[in-house]
$ cat run03.cif   # mmCIF, C-alpha atoms and all ligand atoms
data_coords
#
loop_
_atom_site.label_atom_id
_atom_site.label_comp_id
_atom_site.auth_asym_id
_atom_site.auth_seq_id
_atom_site.Cartn_x
_atom_site.Cartn_y
_atom_site.Cartn_z
CA MET A 21 80.12 243.56 23.92
CA PRO A 22 76.73 242.07 24.88
CA ASP A 23 74.52 244.09 27.19
CA TYR A 24 75.90 242.64 30.44
CA ARG A 25 74.70 243.69 33.86
CA PHE A 26 77.21 244.36 36.63
CA ASP A 27 76.22 243.48 40.20
CA TYR A 28 78.36 243.69 43.32
CA HIS A 29 79.29 240.47 45.07
CA PRO A 30 77.62 240.46 48.52
CA SER A 31 80.91 239.90 50.31
CA LEU A 32 84.48 241.10 49.86
CA ALA A 33 85.77 237.65 50.88
CA PRO A 34 88.07 236.29 48.15
CA LEU A 35 86.44 234.07 45.51
CA ARG A 36 88.06 230.87 44.22
CA HIS A 37 90.58 231.52 41.48
CA GLU A 38 89.25 228.66 39.30
CA ASP A 39 85.69 230.08 39.22
CA CYS A 40 86.46 233.64 38.29
CA HIS A 41 87.72 236.24 35.94
CA ALA A 42 89.92 238.79 37.70
CA VAL A 43 90.81 242.45 37.39
CA TYR A 44 94.55 242.58 38.13
CA PHE A 45 96.50 245.45 39.68
CA TRP A 46 100.16 245.94 40.47
CA GLN A 47 101.56 249.01 42.22
CA GLU A 48 98.23 250.83 41.71
CA LYS A 49 98.32 250.24 37.96
CA LEU A 50 95.90 248.11 35.96
CA LEU A 51 97.47 245.02 34.37
CA LEU A 52 96.41 243.75 30.97
CA PRO A 53 97.67 240.88 28.83
CA VAL A 54 99.18 242.08 25.55
CA ASN A 55 96.46 242.89 22.96
CA ALA A 56 93.63 242.72 25.56
CA PHE A 57 91.66 245.80 26.59
CA ASP A 58 88.75 244.33 28.57
CA PRO A 59 89.96 244.46 32.19
CA TRP A 60 88.34 241.12 33.23
CA VAL A 61 90.85 238.37 32.52
CA LYS A 62 90.95 234.62 33.07
CA VAL A 63 94.38 233.04 33.27
CA ALA A 64 95.28 229.35 33.30
CA GLY A 65 97.76 229.40 36.17
CA GLU A 66 97.92 231.33 39.40
CA PHE A 67 100.06 234.42 40.01
CA PRO A 68 101.56 235.32 43.41
CA GLU A 69 98.76 237.43 44.95
CA ALA A 70 99.23 240.17 47.54
CA LEU A 71 95.47 240.67 48.06
CA SER A 72 92.25 239.29 46.53
CA LEU A 73 88.68 240.57 46.99
CA GLY A 74 85.27 239.47 45.73
CA LEU A 75 84.06 242.11 43.28
CA GLY A 76 80.85 241.12 41.55
CA THR A 77 79.23 239.48 38.57
CA LEU A 78 79.20 240.71 35.02
CA GLY A 79 76.45 238.83 33.19
CA GLU A 80 77.27 235.18 34.00
CA MET A 81 80.90 235.98 34.81
CA LYS A 82 82.07 236.02 38.45
CA LEU A 83 84.64 238.74 39.07
CA ARG A 84 87.27 239.26 41.73
CA CYS A 85 89.97 241.93 41.95
CA VAL A 86 93.55 241.03 42.70
CA ASP A 87 96.65 242.93 43.73
CA LEU A 88 99.65 241.07 42.33
CA ALA A 89 103.08 240.93 43.92
CA GLU A 90 104.70 241.40 40.50
CA CYS A 91 103.79 242.22 36.92
CA PRO A 92 103.48 239.00 34.83
CA GLU A 93 105.97 238.80 31.99
CA GLY A 94 104.70 240.33 28.78
CA TRP A 95 101.73 242.14 30.42
CA ARG A 96 101.16 245.90 30.24
CA ALA A 97 100.73 248.15 33.28
CA LEU A 98 98.47 251.17 32.68
CA THR A 99 97.74 254.04 35.06
CA LEU A 100 94.07 254.34 35.96
CA ARG A 101 93.81 257.63 34.10
CA GLU A 102 95.33 256.14 30.95
CA TYR A 103 92.87 253.27 31.03
CA LEU A 104 89.68 255.02 32.14
CA LEU A 105 89.91 257.83 29.59
CA GLN A 106 89.85 255.25 26.78
CA SER A 107 87.35 252.81 28.28
CA THR A 108 83.70 252.02 27.59
CA GLU A 109 81.10 252.77 30.25
CA MET A 110 81.12 249.16 31.55
CA GLN A 111 84.93 248.89 31.54
CA PHE A 112 84.99 252.20 33.45
CA ARG A 113 82.49 250.92 36.00
CA VAL A 114 84.28 247.63 36.67
CA VAL A 115 87.78 249.13 36.87
CA SER A 116 86.71 252.10 38.95
CA SER A 117 84.91 249.78 41.44
CA ALA A 118 87.83 247.33 41.57
CA SER A 119 90.53 249.98 41.98
CA GLN A 120 88.62 251.76 44.75
CA LEU A 121 88.14 248.51 46.68
CA MET A 122 91.80 247.54 46.28
CA TYR A 123 93.08 250.98 47.33
CA TRP A 124 90.81 250.98 50.36
CA ALA A 125 91.47 247.38 51.44
CA ARG A 126 95.25 247.76 51.15
CA ALA A 127 95.06 250.55 53.77
CA GLN A 128 92.75 248.63 56.15
CA ASN A 129 94.83 245.98 57.85
CA PHE A 130 94.12 246.74 61.51
CA CYS A 131 91.22 247.96 63.63
CA SER A 132 91.53 251.71 64.26
CA ARG A 133 89.85 251.26 67.67
CA CYS A 134 91.77 248.36 69.25
CA GLY A 135 94.60 247.57 66.84
CA LYS A 136 93.67 243.91 66.17
CA PRO A 137 93.66 242.56 62.56
CA LEU A 138 90.56 243.17 60.43
CA GLU A 139 88.86 240.23 58.71
CA PHE A 140 86.37 239.58 55.94
CA VAL A 141 82.88 238.68 57.14
CA GLY A 142 79.96 236.81 55.59
CA ASN A 143 77.49 238.69 53.46
CA ASP A 144 78.57 242.24 54.15
CA ARG A 145 80.87 244.32 51.99
CA ALA A 146 82.98 245.33 54.98
CA LEU A 147 85.99 244.38 57.08
CA VAL A 148 85.32 243.59 60.74
CA CYS A 149 87.35 243.42 63.93
CA GLN A 150 86.40 240.16 65.69
CA PHE A 151 87.54 241.56 69.05
CA CYS A 152 85.56 244.83 69.34
CA GLN A 153 83.16 244.35 66.36
CA HIS A 154 84.25 247.62 64.76
CA ARG A 155 83.15 247.50 61.10
CA VAL A 156 84.91 249.35 58.29
CA TYR A 157 83.11 250.02 55.01
CA PRO A 158 84.61 251.09 51.68
CA VAL A 159 85.04 254.85 51.41
CA VAL A 160 83.06 257.16 49.10
CA ASN A 161 83.92 260.87 49.25
CA PRO A 162 81.25 263.11 47.67
CA CYS A 163 82.49 266.08 45.63
CA VAL A 164 80.43 268.68 43.80
CA ILE A 165 81.38 269.79 40.30
CA VAL A 166 79.62 272.67 38.57
CA THR A 167 79.46 274.72 35.38
CA VAL A 168 78.37 278.29 36.12
CA TYR A 169 76.65 280.08 33.22
CA ARG A 170 75.17 283.46 32.32
CA PRO A 171 73.63 284.61 29.01
CA GLY A 172 76.10 283.81 26.21
CA GLU A 173 78.99 282.65 28.45
CA ILE A 174 80.18 279.93 30.79
CA LEU A 175 82.75 280.06 33.56
CA LEU A 176 85.77 277.76 33.22
CA ALA A 177 88.77 277.40 35.48
CA ARG A 178 92.25 275.94 35.07
CA SER A 179 93.85 274.25 38.06
CA HIS A 180 97.57 274.46 38.79
CA ARG A 181 97.82 270.76 37.91
CA MET A 182 96.36 271.46 34.43
CA LYS A 183 98.54 274.49 33.69
CA LYS A 184 100.90 272.41 31.54
CA THR A 185 98.11 270.83 29.49
CA GLY A 186 96.16 274.11 29.16
CA ILE A 187 92.87 272.28 29.88
CA TYR A 188 90.07 274.35 31.45
CA SER A 189 87.29 272.67 33.40
CA CYS A 190 84.50 273.15 35.95
CA VAL A 191 84.80 274.33 39.55
CA ALA A 192 84.86 271.34 41.93
CA GLY A 193 85.46 270.51 45.56
CA PHE A 194 84.76 268.16 48.45
CA VAL A 195 81.46 268.30 50.34
CA GLU A 196 82.05 269.27 53.97
CA VAL A 197 80.57 267.46 56.96
CA GLY A 198 76.99 268.61 57.60
CA GLU A 199 76.65 270.34 54.24
CA THR A 200 74.05 269.72 51.50
CA LEU A 201 75.23 269.31 47.91
CA GLU A 202 73.66 272.67 47.01
CA GLN A 203 75.43 274.43 49.89
CA ALA A 204 78.70 272.86 48.77
CA VAL A 205 78.18 274.20 45.21
CA ARG A 206 77.53 277.75 46.50
CA ARG A 207 80.51 277.65 48.87
CA GLU A 208 83.00 276.18 46.39
CA VAL A 209 82.09 278.65 43.62
CA LEU A 210 82.31 281.59 46.05
CA GLU A 211 85.59 280.43 47.62
CA GLU A 212 87.34 279.65 44.35
CA THR A 213 86.01 282.44 42.09
CA GLY A 214 84.33 285.08 44.29
CA LEU A 215 81.03 284.59 42.40
CA GLU A 216 77.54 283.92 43.77
CA VAL A 217 75.26 281.45 42.04
CA GLY A 218 71.46 281.41 41.95
CA GLU A 219 69.29 278.59 40.61
CA MET A 220 71.05 275.27 40.05
CA ARG A 221 70.15 271.94 38.47
CA TYR A 222 71.52 268.45 39.08
CA VAL A 223 72.83 266.95 35.83
CA GLY A 224 74.49 263.62 36.75
CA SER A 225 77.26 261.91 38.69
CA GLN A 226 80.41 259.88 38.08
CA PRO A 227 82.60 257.76 40.36
CA TRP A 228 86.13 259.14 40.15
CA PRO A 229 88.59 256.64 41.66
CA PHE A 230 91.46 259.02 42.56
CA PRO A 231 91.07 257.52 45.09
CA HIS A 232 87.47 257.57 46.36
CA GLN A 233 85.49 260.48 44.93
CA LEU A 234 81.90 260.50 43.72
CA MET A 235 81.57 263.57 41.51
CA VAL A 236 78.04 265.05 41.74
CA GLY A 237 77.45 267.39 38.82
CA PHE A 238 75.40 270.58 38.52
CA VAL A 239 74.87 273.57 36.27
CA ALA A 240 74.26 276.83 38.16
CA GLU A 241 73.14 280.27 37.09
CA TYR A 242 75.42 283.24 37.83
CA LYS A 243 73.82 285.58 40.35
CA GLY A 244 76.44 288.23 41.19
CA GLY A 245 79.98 289.19 42.15
CA ASP A 246 83.22 289.90 40.29
CA LEU A 247 85.64 287.20 39.28
CA GLN A 248 88.36 286.97 41.90
CA ILE A 249 90.14 283.63 41.99
CA ASP A 250 91.64 281.86 44.96
CA ALA A 251 95.20 281.51 43.67
CA SER A 252 95.96 278.65 46.04
CA GLU A 253 93.27 276.53 44.31
CA ILE A 254 93.10 277.88 40.76
CA ASP A 255 95.67 279.11 38.26
CA HIS A 256 93.26 281.00 36.00
CA ALA A 257 89.49 281.35 35.43
CA ASP A 258 87.42 283.32 32.96
CA TRP A 259 84.10 283.59 31.14
CA PHE A 260 84.11 281.89 27.72
CA ARG A 261 81.73 282.22 24.76
CA PRO A 262 80.61 278.97 23.03
CA ASP A 263 82.54 279.96 19.86
CA ALA A 264 85.81 280.69 21.70
CA LEU A 265 86.37 277.78 24.06
CA PRO A 266 89.76 276.73 25.42
CA LEU A 267 90.99 273.12 25.54
CA LEU A 268 88.42 271.03 27.45
CA PRO A 269 88.48 267.73 29.44
CA PRO A 270 88.09 264.37 27.61
CA GLN A 271 84.61 263.24 26.53
CA GLN A 272 84.38 260.40 29.10
CA THR A 273 84.51 262.80 32.05
CA ILE A 274 81.51 264.27 33.81
CA ALA A 275 83.23 267.66 33.43
CA ALA A 276 82.85 267.45 29.63
CA HIS A 277 79.18 266.54 30.07
CA LEU A 278 78.58 269.47 32.46
CA ILE A 279 80.38 271.94 30.20
CA GLN A 280 78.03 270.88 27.38
CA ALA A 281 75.04 271.33 29.71
CA GLY A 282 76.35 274.80 30.66
CA LEU A 283 76.77 275.75 26.98
CA ASP A 284 73.18 274.65 26.26
CA ALA A 285 71.93 276.67 29.24
CA CYS A 286 73.86 279.85 28.34
CA ARG A 287 72.33 279.87 24.85
CA SER A 288 68.73 279.55 26.04
ZN ZN B 1 88.81 246.31 67.22
#
$ encode --input "run03.cif" --output "structure tokens"
Amino acid sequence: MPDYRFDYHPSLAPLRHEDCHAVYFWQEKLLLPVNAFDPWVKVAGEFPEALSLGLGTLGEMKLRCVDLAECPEGWRALTLREYLLQSTEMQFRVVSSASQLMYWARAQNFCSRCGKPLEFVGNDRALVCQFCQHRVYPVVNPCVIVTVYRPGEILLARSHRMKKTGIYSCVAGFVEVGETLEQAVRREVLEETGLEVGEMRYVGSQPWPFPHQLMVGFVAEYKGGDLQIDASEIDHADWFRPDALPLLPPQQTIAAHLIQAGLDACRS
């Protein structure tokens, strides 16, 4: 596709159906017409909509995201994971933004302070209570994700959820209130594996819409301690040499990127 630029619409207020392409959801799945894979779709008629939000612009295209009351006949419904792990960077960005807004807005019907209905406002990407002025913004939950390395080896862990697939990945966890990203990395690695880390380096980040995470990625040098996993969080963890790696996460994930960065670091 051409080198489009994606910009957020200044308001979440619904845009006119006739002016826009839409990203359609139904029961938390992404809807696509048969044979289409781009998630931005323009349809001739109107479908029964449960919720519609302004999303942004992609090049010259105005975008909104829409929660449909039913799946149109002949369309496909894909889980977010199914779609995002096959998507391009721009498709990922648009769908991850749209799905996070929809998930959030569906759960924000009433003011948590006074109980009155929340409404869209002018040029602010928020919902507002007109009675007490309480303002609710979309949620972003920061998480750290890290590959720990030492000479010739990297640390990989398998979660209980991944036991069936056999995929090993990085250590990850939510940032606590009042904590820096670096403190979160040290705490998560220690809690989950019993290891201490020394120097660390920021590598990159990735929005992860399950439902509202921002994964902030690091590589960190092993400093000390013996591997002792927290069995409530992790099924198995071990040190792996670059020539004897287990099954790893898909290429599109930041975990795959961080594992590569850890492998580069452990060789140098
Ligand atoms: Zn209120």
$ closest_residue --input "run03.cif" --among "A:Arg145, A:Lys184, A:Lys136, A:His232" --to "ligand ZN 1 (chain B)" --atoms "only C-alpha atoms and all ligand atoms"
A:Lys136
$ residues_near_point --input "run03.cif" --point "(95.0, 227.4, 42.5)" --cutoff "12 Å" --atoms "all atoms listed in the file" --output "JSON, numbers by chain"
{"A": [35, 36, 37, 38, 39, 40, 63, 64, 65, 66, 67, 68, 69]}
$ atom_distance --input "run03.cif" --atom1 "CA of Met110 (chain A)" --atom2 "CA of Pro162 (chain A)"
21.3 Å
$ residues_around --input "run03.cif" --residues "region 186-197 of chain A" --least-positions-apart "3" --cutoff "7 Å" --atoms "all atoms listed in the file" --output "number ranges by chain"
A: 162-167, 176-178, 182-183, 201, 204, 208-209, 266-269, 275
$ residues_near_point --input "run03.cif" --point "(85.4, 247.8, 54.5)" --cutoff "12 Å" --atoms "all atoms listed in the file" --output "ChimeraX atom specification"
/A:31-33,73,120-131,138-141,144-149,154-160
$ residues_around --input "run03.cif" --residues "Glu216 (chain A)" --least-positions-apart "5" --cutoff "10 Å" --atoms "all atoms listed in the file" --output "list in words"
Val168, Val205, Arg206, Arg207, Glu208, Val209, Leu210, Glu211, Ala240, Glu241, Tyr242, Lys243, Gly244, Gly245, Asp246 and Leu247 of chain A
$ atom_distance --input "run03.cif" --atom1 "CA of Gln150 (chain A)" --atom2 "CA of Trp46 (chain A)"
29.3 Å
$ residues_around --input "run03.cif" --residues "Arg25 (chain A)" --least-positions-apart "4" --cutoff "9 Å" --atoms "all atoms listed in the file" --output "short mmCIF file (atom, residue, chain, number, x, y, z; two decimals) with C-alpha atoms, in the coordinates of the input"
data_model
loop_
_atom_site.label_atom_id
_atom_site.label_comp_id
_atom_site.auth_asym_id
_atom_site.auth_seq_id
_atom_site.Cartn_x
_atom_site.Cartn_y
_atom_site.Cartn_z
CA THR A 77 79.23 239.48 38.57
CA LEU A 78 79.20 240.71 35.02
CA GLY A 79 76.45 238.83 33.19
CA GLU A 80 77.27 235.18 34.00
CA MET A 110 81.12 249.16 31.55
#
$ closest_residue --input "run03.cif" --among "A:Tyr44, A:Pro30, A:Ile274, A:Lys49" --to "Lys62 (chain A)" --atoms "all atoms listed in the file"
A:Tyr44
$ residues_around --input "run03.cif" --residues "Glu173 (chain A)" --least-positions-apart "2" --cutoff "7 Å" --atoms "only C-alpha atoms" --output "ChimeraX atom specification"
/A:169-171,175,259-262,286
$ write_last_selection --input "run03.cif" --atoms "C-alpha atoms" --output "PDB file, in the coordinates of the input"
ATOM      1  CA  TYR A 169      76.650 280.080  33.220  1.00  0.00           C
ATOM      2  CA  ARG A 170      75.170 283.460  32.320  1.00  0.00           C
ATOM      3  CA  PRO A 171      73.630 284.610  29.010  1.00  0.00           C
ATOM      4  CA  LEU A 175      82.750 280.060  33.560  1.00  0.00           C
ATOM      5  CA  TRP A 259      84.100 283.590  31.140  1.00  0.00           C
ATOM      6  CA  PHE A 260      84.110 281.890  27.720  1.00  0.00           C
ATOM      7  CA  ARG A 261      81.730 282.220  24.760  1.00  0.00           C
ATOM      8  CA  PRO A 262      80.610 278.970  23.030  1.00  0.00           C
ATOM      9  CA  CYS A 286      73.860 279.850  28.340  1.00  0.00           C
TER      10      CYS A 286
END
$ closest_residue --input "run03.cif" --among "A:Phe151, A:Trp60, A:Phe26, A:Phe45" --to "ligand ZN 1 (chain B)" --atoms "only C-alpha atoms and all ligand atoms"
A:Phe151
$ closest_residue --input "run03.cif" --among "A:Gly237, A:Gly135, A:Pro270, A:Pro53" --to "ligand ZN 1 (chain B)" --atoms "all atoms listed in the file"
A:Gly135
$ residues_around --input "run03.cif" --residues "Arg113 (chain A)" --least-positions-apart "4" --cutoff "9 Å" --atoms "all atoms listed in the file" --output "list in words"
Phe26, Thr108, Glu109, Ser117, Ala118 and Pro227 of chain A
$ decode --input "run03.cif" --residues "region 102-219 of chain A" --atoms "C-alpha atoms" --output "PDB file, in the first residue's frame"
ATOM      1  CA  GLU A 102      -5.612 -14.108  14.441  1.00  0.00           C
ATOM      2  CA  TYR A 103      -5.669 -10.806  12.576  1.00  0.00           C
ATOM      3  CA  LEU A 104      -2.790  -8.951  14.226  1.00  0.00           C
ATOM      4  CA  LEU A 105      -0.287 -11.782  13.879  1.00  0.00           C
ATOM      5  CA  GLN A 106      -0.760 -11.703  10.090  1.00  0.00           C
ATOM      6  CA  SER A 107      -1.060  -7.950   9.620  1.00  0.00           C
ATOM      7  CA  THR A 108       1.271  -5.260   8.274  1.00  0.00           C
ATOM      8  CA  GLU A 109       2.546  -2.558  10.617  1.00  0.00           C
ATOM      9  CA  MET A 110      -0.158  -0.070   9.513  1.00  0.00           C
ATOM     10  CA  GLN A 111      -2.976  -2.635   9.688  1.00  0.00           C
ATOM     11  CA  PHE A 112      -1.717  -3.524  13.186  1.00  0.00           C
ATOM     12  CA  ARG A 113      -1.712   0.123  14.241  1.00  0.00           C
ATOM     13  CA  VAL A 114      -5.212   0.899  12.980  1.00  0.00           C
ATOM     14  CA  VAL A 115      -6.827  -2.279  14.342  1.00  0.00           C
ATOM     15  CA  SER A 116      -5.041  -2.106  17.675  1.00  0.00           C
ATOM     16  CA  SER A 117      -6.127   1.558  18.130  1.00  0.00           C
ATOM     17  CA  ALA A 118      -9.708   0.836  17.035  1.00  0.00           C
ATOM     18  CA  SER A 119     -10.142  -2.276  19.175  1.00  0.00           C
ATOM     19  CA  GLN A 120      -8.763  -0.563  22.271  1.00  0.00           C
ATOM     20  CA  LEU A 121     -11.126   2.396  21.841  1.00  0.00           C
ATOM     21  CA  MET A 122     -14.131   0.124  21.276  1.00  0.00           C
ATOM     22  CA  TYR A 123     -13.325  -2.107  24.267  1.00  0.00           C
ATOM     23  CA  TRP A 124     -12.868   0.929  26.490  1.00  0.00           C
ATOM     24  CA  ALA A 125     -15.926   2.859  25.276  1.00  0.00           C
ATOM     25  CA  ARG A 126     -18.232  -0.158  25.611  1.00  0.00           C
ATOM     26  CA  ALA A 127     -17.383  -0.258  29.337  1.00  0.00           C
ATOM     27  CA  GLN A 128     -17.829   3.510  29.897  1.00  0.00           C
ATOM     28  CA  ASN A 129     -21.528   4.218  29.869  1.00  0.00           C
ATOM     29  CA  PHE A 130     -21.949   6.046  33.184  1.00  0.00           C
ATOM     30  CA  CYS A 131     -19.968   8.457  35.345  1.00  0.00           C
ATOM     31  CA  SER A 132     -18.140   6.557  38.100  1.00  0.00           C
ATOM     32  CA  ARG A 133     -18.522   9.590  40.416  1.00  0.00           C
ATOM     33  CA  CYS A 134     -22.214  10.490  40.122  1.00  0.00           C
ATOM     34  CA  GLY A 135     -23.772   7.767  37.983  1.00  0.00           C
ATOM     35  CA  LYS A 136     -25.099  10.033  35.183  1.00  0.00           C
ATOM     36  CA  PRO A 137     -24.561   9.060  31.495  1.00  0.00           C
ATOM     37  CA  LEU A 138     -21.221   9.944  29.884  1.00  0.00           C
ATOM     38  CA  GLU A 139     -21.175  11.881  26.608  1.00  0.00           C
ATOM     39  CA  PHE A 140     -18.796  12.692  23.784  1.00  0.00           C
ATOM     40  CA  VAL A 141     -17.353  16.203  23.909  1.00  0.00           C
ATOM     41  CA  GLY A 142     -15.873  18.533  21.295  1.00  0.00           C
ATOM     42  CA  ASN A 143     -12.205  18.296  20.490  1.00  0.00           C
ATOM     43  CA  ASP A 144     -11.051  15.990  23.241  1.00  0.00           C
ATOM     44  CA  ARG A 145     -10.583  12.244  22.961  1.00  0.00           C
ATOM     45  CA  ALA A 146     -12.560  11.623  26.132  1.00  0.00           C
ATOM     46  CA  LEU A 147     -16.032  10.974  27.517  1.00  0.00           C
ATOM     47  CA  VAL A 148     -17.422  13.577  29.912  1.00  0.00           C
ATOM     48  CA  CYS A 149     -20.135  13.730  32.547  1.00  0.00           C
ATOM     49  CA  GLN A 150     -22.116  16.944  31.925  1.00  0.00           C
ATOM     50  CA  PHE A 151     -23.319  16.977  35.552  1.00  0.00           C
ATOM     51  CA  CYS A 152     -20.056  16.802  37.547  1.00  0.00           C
ATOM     52  CA  GLN A 153     -17.557  17.353  34.667  1.00  0.00           C
ATOM     53  CA  HIS A 154     -15.723  14.102  35.427  1.00  0.00           C
ATOM     54  CA  ARG A 155     -13.661  13.238  32.334  1.00  0.00           C
ATOM     55  CA  VAL A 156     -12.707   9.698  31.344  1.00  0.00           C
ATOM     56  CA  TYR A 157      -9.811   9.082  28.958  1.00  0.00           C
ATOM     57  CA  PRO A 158      -8.961   5.887  27.061  1.00  0.00           C
ATOM     58  CA  VAL A 159      -6.872   3.486  29.118  1.00  0.00           C
ATOM     59  CA  VAL A 160      -3.218   2.585  28.466  1.00  0.00           C
ATOM     60  CA  ASN A 161      -1.612   0.098  30.869  1.00  0.00           C
ATOM     61  CA  PRO A 162       2.206   0.069  30.695  1.00  0.00           C
ATOM     62  CA  CYS A 163       3.918  -3.326  30.949  1.00  0.00           C
ATOM     63  CA  VAL A 164       7.623  -4.098  30.842  1.00  0.00           C
ATOM     64  CA  ILE A 165       8.952  -6.996  28.789  1.00  0.00           C
ATOM     65  CA  VAL A 166      12.580  -8.070  28.955  1.00  0.00           C
ATOM     66  CA  THR A 167      15.128 -10.533  27.615  1.00  0.00           C
ATOM     67  CA  VAL A 168      17.788 -11.288  30.230  1.00  0.00           C
ATOM     68  CA  TYR A 169      21.173 -12.374  28.824  1.00  0.00           C
ATOM     69  CA  ARG A 170      24.598 -13.526  29.979  1.00  0.00           C
ATOM     70  CA  PRO A 171      27.615 -14.592  27.878  1.00  0.00           C
ATOM     71  CA  GLY A 172      26.454 -17.239  25.387  1.00  0.00           C
ATOM     72  CA  GLU A 173      22.889 -17.626  26.746  1.00  0.00           C
ATOM     73  CA  ILE A 174      19.523 -15.935  27.108  1.00  0.00           C
ATOM     74  CA  LEU A 175      16.765 -16.533  29.628  1.00  0.00           C
ATOM     75  CA  LEU A 176      13.379 -17.620  28.257  1.00  0.00           C
ATOM     76  CA  ALA A 177      10.218 -18.500  30.115  1.00  0.00           C
ATOM     77  CA  ARG A 178       7.048 -20.391  29.222  1.00  0.00           C
ATOM     78  CA  SER A 179       3.784 -19.234  30.759  1.00  0.00           C
ATOM     79  CA  HIS A 180       1.037 -21.646  31.793  1.00  0.00           C
ATOM     80  CA  ARG A 181      -1.065 -20.292  28.912  1.00  0.00           C
ATOM     81  CA  MET A 182       1.683 -21.251  26.418  1.00  0.00           C
ATOM     82  CA  LYS A 183       2.285 -24.742  27.822  1.00  0.00           C
ATOM     83  CA  LYS A 184       0.176 -26.334  25.075  1.00  0.00           C
ATOM     84  CA  THR A 185       1.929 -24.482  22.248  1.00  0.00           C
ATOM     85  CA  GLY A 186       5.417 -24.977  23.758  1.00  0.00           C
ATOM     86  CA  ILE A 187       6.333 -21.347  22.964  1.00  0.00           C
ATOM     87  CA  TYR A 188       8.960 -19.707  25.196  1.00  0.00           C
ATOM     88  CA  SER A 189       9.155 -15.943  25.511  1.00  0.00           C
ATOM     89  CA  CYS A 190      10.441 -13.010  27.586  1.00  0.00           C
ATOM     90  CA  VAL A 191       9.600 -12.164  31.194  1.00  0.00           C
ATOM     91  CA  ALA A 192       6.847  -9.517  31.321  1.00  0.00           C
ATOM     92  CA  GLY A 193       4.561  -7.797  33.785  1.00  0.00           C
ATOM     93  CA  PHE A 194       2.537  -4.707  34.629  1.00  0.00           C
ATOM     94  CA  VAL A 195       4.223  -1.555  35.934  1.00  0.00           C
ATOM     95  CA  GLU A 196       3.041  -0.781  39.466  1.00  0.00           C
ATOM     96  CA  VAL A 197       1.850   2.624  40.649  1.00  0.00           C
ATOM     97  CA  GLY A 198       4.817   4.860  41.533  1.00  0.00           C
ATOM     98  CA  GLU A 199       7.363   2.614  39.839  1.00  0.00           C
ATOM     99  CA  THR A 200       9.831   3.498  37.048  1.00  0.00           C
ATOM    100  CA  LEU A 201      10.099   1.191  34.039  1.00  0.00           C
ATOM    101  CA  GLU A 202      13.579   0.114  35.179  1.00  0.00           C
ATOM    102  CA  GLN A 203      12.338  -0.712  38.686  1.00  0.00           C
ATOM    103  CA  ALA A 204       9.512  -2.731  37.143  1.00  0.00           C
ATOM    104  CA  VAL A 205      12.024  -4.737  35.054  1.00  0.00           C
ATOM    105  CA  ARG A 206      14.162  -5.539  38.138  1.00  0.00           C
ATOM    106  CA  ARG A 207      11.125  -6.483  40.231  1.00  0.00           C
ATOM    107  CA  GLU A 208       9.420  -8.646  37.593  1.00  0.00           C
ATOM    108  CA  VAL A 209      12.602 -10.602  36.770  1.00  0.00           C
ATOM    109  CA  LEU A 210      13.322 -11.159  40.476  1.00  0.00           C
ATOM    110  CA  GLU A 211       9.732 -12.137  41.333  1.00  0.00           C
ATOM    111  CA  GLU A 212       9.258 -14.507  38.412  1.00  0.00           C
ATOM    112  CA  THR A 213      12.737 -16.088  38.149  1.00  0.00           C
ATOM    113  CA  GLY A 214      14.697 -15.252  41.319  1.00  0.00           C
ATOM    114  CA  LEU A 215      17.417 -13.543  39.233  1.00  0.00           C
ATOM    115  CA  GLU A 216      18.934 -10.076  39.619  1.00  0.00           C
ATOM    116  CA  VAL A 217      19.668  -7.965  36.563  1.00  0.00           C
ATOM    117  CA  GLY A 218      22.337  -5.289  36.135  1.00  0.00           C
ATOM    118  CA  GLU A 219      22.638  -2.899  33.189  1.00  0.00           C
TER     119      GLU A 219
END
